[in-house]
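For reference, the structure is listed below as structure tokens.
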Amino acid sequence: MGERILHRQYHYIYATTCKITCRYYIGMHSTRFERMMNDPYYGGGKVLQHSIIKYGKENHTRIILENCSEIGRAFLQKREEVWVDAQCLKDPLCMNLKLGGEGGSFLGINCGKKHSEEHRRKNSEFRKG
């Protein structure tokens, strides 16, 4: 039986900004990249993804706002709640749609649920046409 190799996780709060519109997105991320700046992740927010498609990834920059690696993933979510508060969401330049710590599915649908094998098969067949 093979040995399980444990990799250290690095946790951080980041801001991705569009150079053209100056709009920004703040999020949290965990990665195995020791040098967090080498991590290719720019964010998964819906509005941010549209911005990247429209203006190109080269017109977006990401900075690390806070390194939470020493404290862990649970603390990371609490820190995102501090960074993305109600005041942040009121900023017209903010691309976040929800308060920090509430990420994931925009409507909360299927959040934390796993689809059955049959459901995944049917979805696959539907998408194939």
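Going through the structure tokens in order, the chains are called A, B, and so on, while each chain numbers its residues from 1 and the ligands are numbered from 1 in the order shown.
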Problem - Contact residues around Tyr25 of chain A with only C-alpha atoms at 8 Å, ignoring same-chain residues under 4 positions, as a PyMOL selection string - result: chain A and resi 15-17+43+45+48+94-96
Print the selection's residues with all heavy atoms to a file, as a PDB file, in the first residue's frame.
ATOM      1  N   ALA A  15      -6.771  40.167  -3.557  1.00  0.00           N
ATOM      2  CA  ALA A  15      -7.610  41.104  -4.311  1.00  0.00           C
ATOM      3  C   ALA A  15      -7.167  41.026  -5.764  1.00  0.00           C
ATOM      4  O   ALA A  15      -5.975  41.116  -6.063  1.00  0.00           O
ATOM      5  CB  ALA A  15      -7.453  42.526  -3.790  1.00  0.00           C
ATOM      6  N   THR A  16      -8.116  40.833  -6.646  1.00  0.00           N
ATOM      7  CA  THR A  16      -7.848  40.854  -8.084  1.00  0.00           C
ATOM      8  C   THR A  16      -8.496  42.110  -8.630  1.00  0.00           C
ATOM      9  O   THR A  16      -9.678  42.361  -8.383  1.00  0.00           O
ATOM     10  CB  THR A  16      -8.419  39.604  -8.780  1.00  0.00           C
ATOM     11  OG1 THR A  16      -7.807  38.445  -8.213  1.00  0.00           O
ATOM     12  CG2 THR A  16      -8.149  39.630 -10.262  1.00  0.00           C
ATOM     13  N   THR A  17      -7.724  42.911  -9.353  1.00  0.00           N
ATOM     14  CA  THR A  17      -8.197  44.194  -9.870  1.00  0.00           C
ATOM     15  C   THR A  17      -8.071  44.231 -11.379  1.00  0.00           C
ATOM     16  O   THR A  17      -7.055  43.816 -11.936  1.00  0.00           O
ATOM     17  CB  THR A  17      -7.374  45.353  -9.265  1.00  0.00           C
ATOM     18  OG1 THR A  17      -7.443  45.272  -7.843  1.00  0.00           O
ATOM     19  CG2 THR A  17      -7.890  46.702  -9.721  1.00  0.00           C
ATOM     20  N   GLY A  43      -9.405  34.029  -8.942  1.00  0.00           N
ATOM     21  CA  GLY A  43     -10.688  34.175  -8.276  1.00  0.00           C
ATOM     22  C   GLY A  43     -11.796  33.495  -9.044  1.00  0.00           C
ATOM     23  O   GLY A  43     -11.700  33.304 -10.256  1.00  0.00           O
ATOM     24  N   GLY A  45     -15.250  34.439  -8.579  1.00  0.00           N
ATOM     25  CA  GLY A  45     -16.489  35.212  -8.558  1.00  0.00           C
ATOM     26  C   GLY A  45     -17.091  35.373  -9.945  1.00  0.00           C
ATOM     27  O   GLY A  45     -16.375  35.523 -10.935  1.00  0.00           O
ATOM     28  N   LEU A  48     -16.237  38.688 -11.607  1.00  0.00           N
ATOM     29  CA  LEU A  48     -14.805  38.658 -11.920  1.00  0.00           C
ATOM     30  C   LEU A  48     -14.541  37.801 -13.151  1.00  0.00           C
ATOM     31  O   LEU A  48     -13.774  38.196 -14.036  1.00  0.00           O
ATOM     32  CB  LEU A  48     -14.004  38.131 -10.729  1.00  0.00           C
ATOM     33  CG  LEU A  48     -12.513  37.902 -10.996  1.00  0.00           C
ATOM     34  CD1 LEU A  48     -11.810  39.204 -11.371  1.00  0.00           C
ATOM     35  CD2 LEU A  48     -11.858  37.251  -9.796  1.00  0.00           C
ATOM     36  N   CYS A  94     -16.558  47.352  -6.441  1.00  0.00           N
ATOM     37  CA  CYS A  94     -16.433  46.003  -5.892  1.00  0.00           C
ATOM     38  C   CYS A  94     -17.200  45.014  -6.772  1.00  0.00           C
ATOM     39  O   CYS A  94     -18.364  45.233  -7.102  1.00  0.00           O
ATOM     40  CB  CYS A  94     -16.967  45.970  -4.466  1.00  0.00           C
ATOM     41  SG  CYS A  94     -16.901  44.338  -3.723  1.00  0.00           S
ATOM     42  N   MET A  95     -16.536  43.912  -7.139  1.00  0.00           N
ATOM     43  CA  MET A  95     -17.172  42.869  -7.944  1.00  0.00           C
ATOM     44  C   MET A  95     -17.746  41.741  -7.090  1.00  0.00           C
ATOM     45  O   MET A  95     -18.373  40.827  -7.622  1.00  0.00           O
ATOM     46  CB  MET A  95     -16.177  42.281  -8.949  1.00  0.00           C
ATOM     47  CG  MET A  95     -15.806  43.216 -10.079  1.00  0.00           C
ATOM     48  SD  MET A  95     -14.876  42.387 -11.366  1.00  0.00           S
ATOM     49  CE  MET A  95     -13.199  42.794 -10.890  1.00  0.00           C
ATOM     50  N   ASN A  96     -17.541  41.782  -5.786  1.00  0.00           N
ATOM     51  CA  ASN A  96     -18.108  40.745  -4.914  1.00  0.00           C
ATOM     52  C   ASN A  96     -19.627  40.891  -4.878  1.00  0.00           C
ATOM     53  O   ASN A  96     -20.145  42.008  -4.836  1.00  0.00           O
ATOM     54  CB  ASN A  96     -17.549  40.855  -3.499  1.00  0.00           C
ATOM     55  CG  ASN A  96     -16.089  40.518  -3.437  1.00  0.00           C
ATOM     56  OD1 ASN A  96     -15.256  41.255  -3.957  1.00  0.00           O
ATOM     57  ND2 ASN A  96     -15.769  39.408  -2.802  1.00  0.00           N
TER      58      ASN A  96
END
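Residues with any atom within 10 Å of Glu70 of chain A, counting only C-alpha atoms and excluding same-chain neighbours fewer than 4 positions away, are Gln9, Tyr10, His11 and Phe75 of chain A.
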Completion exercise
Between atom CA of Ile20 of chain A and atom CA of Glu81 of chain A lies a distance of 26.9 Å
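With only C-alpha atoms as the basis for measurement, A:Thr61 is the residue among A:Thr61, A:Asp91, A:Leu97, A:Ser30 that approaches Tyr42 of chain A most closely.
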Handout entry: Straight-line distance linking atom CA of Ser124 of chain A with atom CA of Ile53 of chain A, stated in Å to one decimal
Key =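 It comes out at 24.6 Å.
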Completion exercise
Using only C-alpha atoms, the residue out of A:Ser116, A:Gln87, A:Asn59, A:Thr31 with shortest distance to Arg73 of chain A is A:Thr31
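Atom pair atom CA of Lys57 of chain A / atom CA of Arg32 of chain A: separated by 21.6 Å.
Remark: for Ile26 of chain A, the closest of the candidate residues A:Trp83, A:Tyr41, A:Tyr12, A:Tyr55 is A:Trp83 (distances computed over only C-alpha atoms).
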Exercise for the section: Considering only C-alpha atoms, state which residue in the set A:Ile71, A:Lys46, A:His119, A:Arg79 is at the smallest distance from Gly100 of chain A. Expected result: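 The closest residue to Gly100 of chain A is A:Arg79.
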Handout entry: Option closest in space to Gln49 of chain A, from A:Glu66, A:Glu118, A:His29, A:Cys18 [counting only C-alpha atoms]
Key =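 The shortest atom-to-atom distance to Gln49 of chain A comes from A:Cys18.
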Problem - Nearest residue to Ala86 of chain A from the set A:Lys19, A:Lys98, A:Lys122, A:Arg8 (distances using only C-alpha atoms) - result: A:Lys98
Problem - Neighbour list for Ile13 of chain A as a PyMOL selection string, cut-off 6 Å, only C-alpha atoms, skip fewer than 6 positions in-chain - result: chain A and resi 27-28+65-66
Would you mind exporting N, CA, C and O atoms of the selected residues as a JSON list (two decimals), in the first residue's frame?
[["chain", "number", "residue", "atom", "x", "y", "z"],
["A", 27, "GLY", "N", -11.16, 37.83, -2.31],
["A", 27, "GLY", "CA", -11.53, 36.45, -2.02],
["A", 27, "GLY", "C", -10.50, 35.76, -1.16],
["A", 27, "GLY", "O", -9.48, 36.34, -0.79],
["A", 28, "MET", "N", -10.79, 34.51, -0.86],
["A", 28, "MET", "CA", -9.86, 33.68, -0.09],
["A", 28, "MET", "C", -9.50, 32.47, -0.93],
["A", 28, "MET", "O", -10.29, 32.04, -1.78],
["A", 65, "LEU", "N", -3.44, 40.14, 0.08],
["A", 65, "LEU", "CA", -3.77, 41.12, 1.11],
["A", 65, "LEU", "C", -3.36, 40.63, 2.49],
["A", 65, "LEU", "O", -2.94, 41.42, 3.34],
["A", 66, "GLU", "N", -3.50, 39.32, 2.71],
["A", 66, "GLU", "CA", -3.20, 38.77, 4.03],
["A", 66, "GLU", "C", -2.85, 37.29, 3.90],
["A", 66, "GLU", "O", -3.57, 36.53, 3.27]]
Practice task
Give the alpha helix (DSSP H) residues of segment 60-117 of chain A, as DSSP finds them on the backbone, and put them as a PyMOL selection string.
Solution key: chain A and resi 73-83+86-90+117
Generate the output file for the selected residues, C-alpha atoms, as a PDB file, in the first residue's frame.
ATOM      1  CA  ARG A  73      -8.512  27.422   6.715  1.00  0.00           C
ATOM      2  CA  ALA A  74     -11.187  28.022   9.374  1.00  0.00           C
ATOM      3  CA  PHE A  75      -9.567  31.339  10.298  1.00  0.00           C
ATOM      4  CA  LEU A  76      -9.277  32.212   6.600  1.00  0.00           C
ATOM      5  CA  GLN A  77     -13.065  32.303   6.252  1.00  0.00           C
ATOM      6  CA  LYS A  78     -13.344  34.599   9.284  1.00  0.00           C
ATOM      7  CA  ARG A  79     -10.756  36.949   7.792  1.00  0.00           C
ATOM      8  CA  GLU A  80     -12.649  37.091   4.489  1.00  0.00           C
ATOM      9  CA  GLU A  81     -15.723  38.156   6.476  1.00  0.00           C
ATOM     10  CA  VAL A  82     -13.696  41.122   7.753  1.00  0.00           C
ATOM     11  CA  TRP A  83     -12.386  42.099   4.305  1.00  0.00           C
ATOM     12  CA  ALA A  86     -21.460  45.324   3.830  1.00  0.00           C
ATOM     13  CA  GLN A  87     -19.495  48.533   3.236  1.00  0.00           C
ATOM     14  CA  CYS A  88     -17.284  46.774   0.681  1.00  0.00           C
ATOM     15  CA  LEU A  89     -20.344  45.454  -1.197  1.00  0.00           C
ATOM     16  CA  LYS A  90     -21.719  49.021  -1.459  1.00  0.00           C
ATOM     17  CA  GLU A 117     -23.930   9.096 -10.071  1.00  0.00           C
TER      18      GLU A 117
END
